[in-house]
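Read through the structure below, which is laid out as structure tokens, and then see the notes.
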Amino acid sequence: MANHVKSDAPTLKSSTLPRSEPLPWETPKPAEEDPEAPQRLKKILASPSYRPADQDLDFLYQDDLRFFRLQVDFLKAERLLQENKIIHTIVVFGGTRIKEPGGAKRKVEALQAVLENRPDDPDLKRKLAIAERIYAKSGFYNVAREFGRLVGESGEGPSDCSCVIMTGGGPGMMEAANRGSYDVGAKTVGLNINLPYEQFPNPYITPDLCFQFHYFAMRKLHFLLRAKALVVFPGGYGTFDELFETLTLMQTRKIQQVPVILVCEKYWNQAFNIDFLIDEGVVDPEDRALFWYAETAEDIWQGILDWHKINGNPLF
């Protein structure tokens, strides 16, 4: 049997209890003992070497610590996506300049009013022509919004996070898709990027799921990690970047194939002529099967559901 020895030592209830007498390091060396001590201490406290490493941005942003910044850039979003139980995503890309029809129409009318006073201004005529083409494509804002609604209502309803809309977080087509899910009370994700010029997230992203990345690479990784489909509306360089990178990864079998839907066949046939590339021999005919076209929200969503069902992995 073990011997039980009664201890008379007091039990410390908390290490944060205030002390009746301060420890030596709790008070600075007084000037009475060394007149130059306060000034020396001031310099020490202001030195970057004294700054805690996790609060020292000059230290953290050194080139040889890029690996660490990459890790935390990825990990913060990953942790919050897991905490919010986001399982699968439907990723929506598209141009930031294609606004909702009302705003696009007002831009056209404003330019028309200015042109009445400057009818021979070639630059103004060009701006009006572009604004009219943007207005013609603005109907796809409503398509993206309706698609976001369909995804938001899928599964067991808006509270079901097994499949949610994820966008780049900006305006235009991305805003529309986030907005559609927001309209029905579903969670929706936005992956913003830190740019030299201010970039504001659209107001329809779930606050706890609105991220800002420093590295494009980490942002792109999160776009694809949970993706069950990519829906690509008309857009510019950024849209092309995400689209072609994804097609390349699927073509080279670096990632599993997911449905890729290009919305507005007329636009994409001019912007990206796959038949020309096949005829030129720079891609194979089978690479044409990596995507298809659609025009309506219903066709996009039904195509995604059918693709997963046919491939033996239904979304729901």
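The way I read the labels, and the way they are meant: chains A, B, ... in the order of the structure tokens, residue 1 as the first residue of every chain, and ligand 1 as the first ligand shown, with later ones counted on from there.
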Contacts of Glu109 of chain A within 12 Å, only C-alpha atoms, excl. fewer than 3 positions in-chain, as a ChimeraX atom specification: /A:102-106,112-116,127-129,131-132,135
How would the residues just picked look written out with C-alpha atoms as an mmCIF file, in the first residue's frame?
```
data_model
loop_
_atom_site.group_PDB
_atom_site.id
_atom_site.type_symbol
_atom_site.label_atom_id
_atom_site.label_comp_id
_atom_site.auth_asym_id
_atom_site.auth_seq_id
_atom_site.Cartn_x
_atom_site.Cartn_y
_atom_site.Cartn_z
ATOM 1 C CA GLY A 102 -30.281 48.176 -64.431
ATOM 2 C CA GLY A 103 -26.759 49.444 -63.812
ATOM 3 C CA ALA A 104 -25.588 48.505 -67.305
ATOM 4 C CA LYS A 105 -28.523 50.349 -68.852
ATOM 5 C CA ARG A 106 -27.828 53.488 -66.819
ATOM 6 C CA GLN A 112 -25.701 58.606 -74.868
ATOM 7 C CA ALA A 113 -26.501 61.863 -73.093
ATOM 8 C CA VAL A 114 -22.861 62.972 -73.232
ATOM 9 C CA LEU A 115 -22.553 61.918 -76.878
ATOM 10 C CA GLU A 116 -25.427 64.241 -77.844
ATOM 11 C CA LYS A 127 -17.050 53.703 -74.975
ATOM 12 C CA LEU A 128 -20.750 53.728 -75.841
ATOM 13 C CA ALA A 129 -20.373 50.718 -78.150
ATOM 14 C CA ALA A 131 -21.260 49.823 -72.819
ATOM 15 C CA GLU A 132 -23.980 48.591 -75.182
ATOM 16 C CA TYR A 135 -25.637 45.775 -71.458
#
```
Taking a cut-off of 10 Å and counting only C-alpha atoms, can you build a table that, for each residue of segment 192-216 of chain A near segment 171-184 of chain A, reports the nearest atom pair and how far apart they are in Å (one decimal), sorted by chain then residue number, as a tab-separated table?
```
residue	atom	partner	partner_atom	distance
A:Gln199	CA	A:Pro171	CA	9.6
A:Phe200	CA	A:Pro171	CA	8.4
A:Pro201	CA	A:Pro171	CA	7.3
A:Asn202	CA	A:Pro171	CA	5.7
A:Pro203	CA	A:Glu175	CA	7.9
A:Tyr204	CA	A:Arg179	CA	5.1
A:Ile205	CA	A:Asn178	CA	6.0
A:Thr206	CA	A:Tyr182	CA	7.8
```
Every residue of segment 48-271 of chain A that DSSP places in alpha helix (DSSP H), as an NGL selection string: :A and (57-60 or 66-83 or 101-117 or 122-137 or 139-152 or 173-183 or 216-225 or 237-251 or 265-271)
Write out, as a CSV table (one decimal), in the first residue's frame, the residues just selected, with C-alpha atoms.
```
chain,number,residue,atom,x,y,z
A,57,LEU,CA,5.7,41.9,-40.2
A,58,ASP,CA,9.2,43.0,-41.5
A,59,PHE,CA,10.5,39.7,-40.3
A,60,LEU,CA,7.6,37.6,-41.6
A,66,ARG,CA,7.7,32.7,-47.9
A,67,PHE,CA,7.0,29.1,-47.2
A,68,PHE,CA,5.5,30.1,-43.9
A,69,ARG,CA,3.3,32.7,-45.4
A,70,LEU,CA,2.1,30.2,-48.0
A,71,GLN,CA,1.2,27.8,-45.2
A,72,VAL,CA,-0.9,30.3,-43.2
A,73,ASP,CA,-2.5,31.8,-46.4
A,74,PHE,CA,-3.8,28.3,-47.1
A,75,LEU,CA,-4.5,27.2,-43.5
A,76,LYS,CA,-6.7,30.1,-42.4
A,77,ALA,CA,-9.3,29.6,-45.1
A,78,GLU,CA,-9.1,25.8,-44.7
A,79,ARG,CA,-9.7,25.9,-41.0
A,80,LEU,CA,-12.8,28.2,-41.4
A,81,LEU,CA,-14.2,26.1,-44.3
A,82,GLN,CA,-14.0,23.0,-42.1
A,83,GLU,CA,-15.5,24.8,-39.1
A,101,PRO,CA,-29.1,45.0,-66.2
A,102,GLY,CA,-30.3,48.2,-64.4
A,103,GLY,CA,-26.8,49.4,-63.8
A,104,ALA,CA,-25.6,48.5,-67.3
A,105,LYS,CA,-28.5,50.3,-68.9
A,106,ARG,CA,-27.8,53.5,-66.8
A,107,LYS,CA,-24.2,53.5,-68.1
A,108,VAL,CA,-25.5,53.3,-71.7
A,109,GLU,CA,-28.0,56.2,-71.1
A,110,ALA,CA,-25.3,58.3,-69.4
A,111,LEU,CA,-22.9,57.9,-72.3
A,112,GLN,CA,-25.7,58.6,-74.9
A,113,ALA,CA,-26.5,61.9,-73.1
A,114,VAL,CA,-22.9,63.0,-73.2
A,115,LEU,CA,-22.6,61.9,-76.9
A,116,GLU,CA,-25.4,64.2,-77.8
A,117,ASN,CA,-23.2,67.2,-77.0
A,122,PRO,CA,-14.5,58.8,-81.5
A,123,ASP,CA,-13.4,57.8,-78.1
A,124,LEU,CA,-16.8,58.5,-76.7
A,125,LYS,CA,-18.5,56.5,-79.5
A,126,ARG,CA,-16.2,53.6,-78.7
A,127,LYS,CA,-17.1,53.7,-75.0
A,128,LEU,CA,-20.8,53.7,-75.8
A,129,ALA,CA,-20.4,50.7,-78.2
A,130,ILE,CA,-18.6,48.8,-75.4
A,131,ALA,CA,-21.3,49.8,-72.8
A,132,GLU,CA,-24.0,48.6,-75.2
A,133,ARG,CA,-22.3,45.2,-75.5
A,134,ILE,CA,-21.9,45.0,-71.7
A,135,TYR,CA,-25.6,45.8,-71.5
A,136,ALA,CA,-26.4,43.0,-74.0
A,137,LYS,CA,-24.5,40.5,-71.8
A,139,GLY,CA,-28.9,39.4,-68.8
A,140,PHE,CA,-26.4,36.7,-67.7
A,141,TYR,CA,-26.2,38.5,-64.3
A,142,ASN,CA,-29.8,37.2,-63.8
A,143,VAL,CA,-28.8,33.7,-65.0
A,144,ALA,CA,-25.9,33.6,-62.5
A,145,ARG,CA,-28.2,34.8,-59.7
A,146,GLU,CA,-30.8,32.2,-60.6
A,147,PHE,CA,-28.1,29.5,-60.7
A,148,GLY,CA,-26.9,30.6,-57.2
A,149,ARG,CA,-30.4,30.3,-56.0
A,150,LEU,CA,-30.7,26.7,-57.4
A,151,VAL,CA,-27.5,25.7,-55.7
A,152,GLY,CA,-28.5,27.4,-52.4
A,173,MET,CA,-20.9,37.5,-62.4
A,174,MET,CA,-19.4,36.5,-59.1
A,175,GLU,CA,-21.6,38.9,-57.2
A,176,ALA,CA,-24.7,37.5,-59.0
A,177,ALA,CA,-23.9,33.9,-58.1
A,178,ASN,CA,-23.3,34.8,-54.4
A,179,ARG,CA,-26.4,36.9,-54.4
A,180,GLY,CA,-28.6,34.1,-55.6
A,181,SER,CA,-27.6,31.9,-52.7
A,182,TYR,CA,-27.9,34.8,-50.3
A,183,ASP,CA,-31.4,35.4,-51.6
A,216,PHE,CA,-3.0,33.6,-56.1
A,217,ALA,CA,-1.6,30.0,-55.8
A,218,MET,CA,-3.4,29.4,-52.5
A,219,ARG,CA,-6.6,31.0,-53.8
A,220,LYS,CA,-6.5,28.7,-56.8
A,221,LEU,CA,-5.9,25.7,-54.7
A,222,HIS,CA,-9.0,26.4,-52.6
A,223,PHE,CA,-11.0,26.9,-55.8
A,224,LEU,CA,-10.4,23.4,-56.8
A,225,LEU,CA,-10.0,21.4,-53.6
A,237,TYR,CA,-8.1,37.7,-68.3
A,238,GLY,CA,-8.9,36.5,-64.8
A,239,THR,CA,-11.7,34.3,-66.0
A,240,PHE,CA,-9.5,32.9,-68.8
A,241,ASP,CA,-6.7,32.2,-66.3
A,242,GLU,CA,-9.0,30.1,-64.0
A,243,LEU,CA,-10.7,28.3,-66.9
A,244,PHE,CA,-7.5,27.3,-68.8
A,245,GLU,CA,-5.6,26.3,-65.7
A,246,THR,CA,-8.5,24.0,-64.7
A,247,LEU,CA,-8.8,22.5,-68.2
A,248,THR,CA,-5.0,21.9,-68.3
A,249,LEU,CA,-5.0,20.2,-64.9
A,250,MET,CA,-7.8,17.9,-66.1
A,251,GLN,CA,-6.2,17.3,-69.5
A,265,GLU,CA,-21.8,29.7,-76.5
A,266,LYS,CA,-21.8,32.7,-78.8
A,267,TYR,CA,-19.3,34.5,-76.6
A,268,TRP,CA,-17.0,31.5,-76.0
A,269,ASN,CA,-16.9,30.4,-79.7
A,270,GLN,CA,-15.4,33.8,-80.5
A,271,ALA,CA,-13.2,34.1,-77.5
```
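The coordinates place atom CA of Pro196 of chain A at 28.0 Å from atom CA of Ala227 of chain A.
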Segment 73-112 of chain A: which residues are strand (DSSP E or B) by DSSP, as a PyMOL selection string? chain A and resi 88-93
Using only C-alpha atoms, determine which residues lie at most 9 Å from Pro285 of chain A, disregarding the query and same-chain residues fewer than 5 positions distant; provide the list as a PyMOL selection string. chain A and resi 275+278-279
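Ranking A:Phe233, A:Tyr50, A:Phe213, A:Phe291 by their shortest atom-to-atom distance to Thr96 of chain A, with only C-alpha atoms included, puts A:Phe233 first.
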